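**Student:** Take a look at this one; I'll ask things after.
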Amino acid sequence: MIRVEDVIRAYHHGFFPMADSRDGAVSWCQPYRRAIVPLDTFRTSRSVRRIIREGRFTVTIDTDFESVIRACSMPREMEDETWISEEIIEVFISLHRLGLAHSVECRQGDELAGGLYGLAMGSAFFGESMFFRHTNASKVAFSYLVGHLRERGYRLLDAQIMNPHLELLGAIEIEHEEYMRLLDEALVKKIHFI
């Protein structure tokens with residue numbers, strides 16, 4: 001069983017949890033190259049800016065954390081399994097209750113259309129996962145998150161492992177040593193997420 005203090009300690013040292021299945025064992029990962037999103041150079045795409053202007057989605061923070069993490073835990077198209085196990089879900093719900101884990105929700109009417117969740121410590125936000133049920137909902141949630149982090153004075157947005165979707169969102173890869181330097185700097189400055 002993962003404990004809250006295990007998760008906090010792991011993130012302070014550059015590790016994050018991943019399971020091999022919904023009910024599988026949890027491993028602590030520390031990639032050689034880390035994906036981050038530079039907060040100072042991130043730019044929302046023209047199409048997403050248009051969707052935001054149109055007001056297609058209502059965006060909120062921390063109004064339905066459990067629904068967001070459970071939606072993120074569903075296997076993606078063309079995949080049979082998920083890396084977000086029940087054990088990870090439960091410990092992140094506990095972290096949310098402690099004010100450390102947060103969600104951004106996009107709604108279309110009353111329906112949860114997309115969103116993301118992550119962990120906030122110091123002036124670092126560790127993005128865990130995102131999902132969408134309506135096209136571009138996760139991109140709108142991500143753009144909202146970046147704006148919120150900038151406004152609050154955050155220094156680091158950790159995206160963990162690079163993938164094509166993150167690359168489209170503006171993520172870059174850095175070496176582990178550089179990541180740990182940025183992490184140490186970000187953990188010094190305490191910022192409330194909300």
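The chains in the structure tokens are called A, B, ... from first to last as shown; in each chain the residues are counted from 1, and the ligands are counted from 1 in the order shown.
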So that I can check the secondary structure, give me every residue of region 24-194 of chain A assigned alpha helix (DSSP H) by backbone DSSP, as a ChimeraX atom specification.

**Tutor:** /A:46-54,65-72,86-97,137-152,164-168,176-188

**Student:** Mind checking which residues fall within 9 Å of region 85-93 of chain A, counting only C-alpha atoms, ignoring those fewer than 6 positions away in the same chain, and posting them as a list in words?

**Tutor:**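 Final neighbour list, sorted by chain and number: Met1, Ile2, Arg3, Val4, Val7, Pro17, Met18, Ala19, Asp20, Ser21, Arg22, Asp23, Gly24, Ala25, Val26, Phe65, Glu66, Ile69, Arg70, Ser73, Leu100, Ala101, Gly118 and Leu119 of chain A.
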
**Student:** With N, CA and C atoms retained, write the just-selected residues as a PDB file, in the first residue's frame.

**Tutor:**
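That gives us result11.pdb:
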ATOM      1  N   MET A   1       0.849  -1.200   0.000  1.00  0.00           N
ATOM      2  CA  MET A   1       0.000   0.000   0.000  1.00  0.00           C
ATOM      3  C   MET A   1       0.887   1.255   0.000  1.00  0.00           C
ATOM      4  N   ILE A   2       0.658   2.143  -0.953  1.00  0.00           N
ATOM      5  CA  ILE A   2       1.421   3.401  -1.014  1.00  0.00           C
ATOM      6  C   ILE A   2       0.842   4.366   0.019  1.00  0.00           C
ATOM      7  N   ARG A   3       1.725   4.980   0.753  1.00  0.00           N
ATOM      8  CA  ARG A   3       1.302   5.970   1.735  1.00  0.00           C
ATOM      9  C   ARG A   3       1.555   7.380   1.191  1.00  0.00           C
ATOM     10  N   VAL A   4       0.791   8.330   1.698  1.00  0.00           N
ATOM     11  CA  VAL A   4       0.927   9.726   1.283  1.00  0.00           C
ATOM     12  C   VAL A   4       2.371  10.195   1.450  1.00  0.00           C
ATOM     13  N   VAL A   7       4.686   9.084  -1.319  1.00  0.00           N
ATOM     14  CA  VAL A   7       4.516   9.843  -2.567  1.00  0.00           C
ATOM     15  C   VAL A   7       5.229  11.188  -2.464  1.00  0.00           C
ATOM     16  N   PRO A  17       5.001   7.438  -9.290  1.00  0.00           N
ATOM     17  CA  PRO A  17       4.494   6.063  -9.335  1.00  0.00           C
ATOM     18  C   PRO A  17       3.809   5.725 -10.657  1.00  0.00           C
ATOM     19  N   MET A  18       3.981   4.488 -11.091  1.00  0.00           N
ATOM     20  CA  MET A  18       3.255   3.942 -12.242  1.00  0.00           C
ATOM     21  C   MET A  18       2.973   2.476 -11.950  1.00  0.00           C
ATOM     22  N   ALA A  19       1.774   2.045 -12.305  1.00  0.00           N
ATOM     23  CA  ALA A  19       1.414   0.635 -12.137  1.00  0.00           C
ATOM     24  C   ALA A  19       1.429  -0.043 -13.499  1.00  0.00           C
ATOM     25  N   ASP A  20       1.571  -1.364 -13.503  1.00  0.00           N
ATOM     26  CA  ASP A  20       1.562  -2.078 -14.789  1.00  0.00           C
ATOM     27  C   ASP A  20       0.154  -2.470 -15.216  1.00  0.00           C
ATOM     28  N   SER A  21      -0.849  -2.269 -14.342  1.00  0.00           N
ATOM     29  CA  SER A  21      -2.244  -2.546 -14.682  1.00  0.00           C
ATOM     30  C   SER A  21      -3.142  -1.945 -13.604  1.00  0.00           C
ATOM     31  N   ARG A  22      -4.435  -2.027 -13.801  1.00  0.00           N
ATOM     32  CA  ARG A  22      -5.408  -1.492 -12.832  1.00  0.00           C
ATOM     33  C   ARG A  22      -5.160  -2.064 -11.435  1.00  0.00           C
ATOM     34  N   ASP A  23      -4.871  -3.356 -11.340  1.00  0.00           N
ATOM     35  CA  ASP A  23      -4.654  -4.007 -10.038  1.00  0.00           C
ATOM     36  C   ASP A  23      -3.208  -4.423  -9.841  1.00  0.00           C
ATOM     37  N   GLY A  24      -2.323  -3.950 -10.712  1.00  0.00           N
ATOM     38  CA  GLY A  24      -0.941  -4.406 -10.695  1.00  0.00           C
ATOM     39  C   GLY A  24      -0.067  -3.692  -9.686  1.00  0.00           C
ATOM     40  N   ALA A  25       1.164  -4.175  -9.612  1.00  0.00           N
ATOM     41  CA  ALA A  25       2.159  -3.608  -8.702  1.00  0.00           C
ATOM     42  C   ALA A  25       2.549  -2.207  -9.156  1.00  0.00           C
ATOM     43  N   VAL A  26       2.848  -1.362  -8.187  1.00  0.00           N
ATOM     44  CA  VAL A  26       3.272   0.012  -8.460  1.00  0.00           C
ATOM     45  C   VAL A  26       4.798   0.073  -8.439  1.00  0.00           C
ATOM     46  N   PHE A  65     -12.443  16.147  -8.336  1.00  0.00           N
ATOM     47  CA  PHE A  65     -11.159  15.469  -8.467  1.00  0.00           C
ATOM     48  C   PHE A  65     -11.315  13.974  -8.737  1.00  0.00           C
ATOM     49  N   GLU A  66     -12.149  13.303  -7.969  1.00  0.00           N
ATOM     50  CA  GLU A  66     -12.257  11.850  -8.124  1.00  0.00           C
ATOM     51  C   GLU A  66     -12.758  11.458  -9.511  1.00  0.00           C
ATOM     52  N   ILE A  69      -9.687  11.860 -11.949  1.00  0.00           N
ATOM     53  CA  ILE A  69      -8.645  10.832 -11.868  1.00  0.00           C
ATOM     54  C   ILE A  69      -9.182   9.484 -12.353  1.00  0.00           C
ATOM     55  N   ARG A  70     -10.451   9.204 -12.090  1.00  0.00           N
ATOM     56  CA  ARG A  70     -11.022   7.929 -12.573  1.00  0.00           C
ATOM     57  C   ARG A  70     -11.161   7.939 -14.097  1.00  0.00           C
ATOM     58  N   SER A  73      -7.855   7.302 -15.563  1.00  0.00           N
ATOM     59  CA  SER A  73      -7.389   5.927 -15.355  1.00  0.00           C
ATOM     60  C   SER A  73      -7.960   4.931 -16.365  1.00  0.00           C
ATOM     61  N   LEU A 100      -2.895  18.861  -1.754  1.00  0.00           N
ATOM     62  CA  LEU A 100      -1.683  18.720  -2.569  1.00  0.00           C
ATOM     63  C   LEU A 100      -1.978  18.291  -4.005  1.00  0.00           C
ATOM     64  N   ALA A 101      -2.982  17.474  -4.215  1.00  0.00           N
ATOM     65  CA  ALA A 101      -3.353  17.033  -5.570  1.00  0.00           C
ATOM     66  C   ALA A 101      -4.538  17.861  -6.044  1.00  0.00           C
ATOM     67  N   GLY A 118      -2.939  16.547 -11.149  1.00  0.00           N
ATOM     68  CA  GLY A 118      -1.525  16.502 -10.815  1.00  0.00           C
ATOM     69  C   GLY A 118      -1.305  16.857  -9.368  1.00  0.00           C
ATOM     70  N   LEU A 119      -0.042  16.972  -9.017  1.00  0.00           N
ATOM     71  CA  LEU A 119       0.378  17.211  -7.648  1.00  0.00           C
ATOM     72  C   LEU A 119       1.134  18.533  -7.593  1.00  0.00           C
TER      73      LEU A 119
END

**Student:** If you measure from CA of Leu39 (chain A) to CA of His12 (chain A), what distance in Å do you get, rounded to one decimal?

**Tutor:**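 So the answer is 19.9 Å.
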
**Student:** Quick one: everything within 12 Å of Arg181 (chain A), counting only C-alpha atoms, minus sequence neighbours fewer than 6 positions away in the same chain. Send it as a PyMOL selection string.

**Tutor:** chain A and resi 12-14+155-156+174-175+187-188

**Student:** Quick one: residues within 10 Å of Glu173 (chain A), only C-alpha atoms, excluding same-chain residues fewer than 4 positions away - as a list in words?

**Tutor:**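 Skipping anything fewer than 4 positions along the chain leaves Tyr32, Arg33, Arg34, Ala35, Ile36, Val37, Ala159, Gln160, Ile161, Met162, Glu167 and Tyr179 of chain A.
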
**Student:** Distance CA of Arg46 (chain A)-CA of Val68 (chain A), one decimal place?

**Tutor:**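 Rounded to one decimal, the two atoms are 25.8 Å apart.
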
**Student:** Tell me which of A:Ala171, A:Met130, A:Val104, A:Leu166 sits closest to Phe193 (chain A), counting only C-alpha atoms.

**Tutor:** A:Val104

**Student:** May I ask which of the residues A:Ser45, A:Ser138, A:Gln108, A:Ser143 is the closest one to Ala71 (chain A), counting only C-alpha atoms?

**Tutor:**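 Ranked by minimum distance to Ala71 (chain A), first place goes to A:Ser138.
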
**Student:** A:Cys29, A:Ala186, A:Leu112, A:Leu169: which is nearest Trp83 (chain A), counting only C-alpha atoms?

**Tutor:**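 Nearest to Trp83 (chain A): A:Cys29.
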
**Student:** Pick out each residue of region 95-156 of chain A that DSSP on the backbone tags as strand (DSSP E or B); I need them as a list in words.

**Tutor:**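 Output for region 95-156 of chain A, strand (DSSP E or B) only: Ala101, His102, Ser103, Val104, Glu105, Cys106, Arg107, Gln108, Glu111, Leu112, Ala113, Gly114, Gly115, Leu116, Tyr117, Gly118, Leu119, Ala120, Met121, Ala124, Phe125, Phe126, Gly127, Glu128, Ser129, Met130, Phe131, Phe132 and Leu156 of chain A.
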
**Student:** As a PDB file with N, CA and C atoms, in the first residue's frame, please: the residues near Tyr117 (chain A) (cut-off 6 Å, only C-alpha atoms, same-chain neighbours under 6 positions excluded).

**Tutor:**
ATOM      1  N   HIS A 102      -4.503  18.216  -7.326  1.00  0.00           N
ATOM      2  CA  HIS A 102      -5.520  19.121  -7.870  1.00  0.00           C
ATOM      3  C   HIS A 102      -5.986  18.653  -9.244  1.00  0.00           C
ATOM      4  N   SER A 103      -7.180  19.094  -9.598  1.00  0.00           N
ATOM      5  CA  SER A 103      -7.719  18.763 -10.919  1.00  0.00           C
ATOM      6  C   SER A 103      -8.203  20.025 -11.607  1.00  0.00           C
ATOM      7  N   GLU A 128       0.083  14.663 -13.965  1.00  0.00           N
ATOM      8  CA  GLU A 128      -0.019  13.208 -13.949  1.00  0.00           C
ATOM      9  C   GLU A 128      -0.678  12.645 -15.205  1.00  0.00           C
ATOM     10  N   SER A 129      -1.874  13.112 -15.497  1.00  0.00           N
ATOM     11  CA  SER A 129      -2.592  12.556 -16.644  1.00  0.00           C
ATOM     12  C   SER A 129      -3.707  13.502 -17.054  1.00  0.00           C
TER      13      SER A 129
END

**Student:** Which distance in Å separates CA of Ala124 (chain A) and CA of Val48 (chain A), to one decimal?

**Tutor:** 24.5 Å

**Student:** For Gly114 (chain A), find every residue with an atom within 6 Å (counting only C-alpha atoms), except residues of its own chain fewer than 6 positions away, and show them as a PDB file with C-alpha atoms, in the first residue's frame.

**Tutor:**
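Okay, around.pdb is ready:
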ATOM      1  CA  CYS A 106     -13.744  21.067 -18.555  1.00  0.00           C
ATOM      2  CA  PHE A 131      -8.341  12.831 -20.642  1.00  0.00           C
ATOM      3  CA  PHE A 132     -11.012  14.031 -23.020  1.00  0.00           C
ATOM      4  CA  ARG A 133     -14.479  12.922 -24.021  1.00  0.00           C
ATOM      5  CA  ALA A 137     -11.301  19.511 -23.925  1.00  0.00           C
ATOM      6  CA  SER A 138      -7.982  18.304 -22.467  1.00  0.00           C
TER       7      SER A 138
END
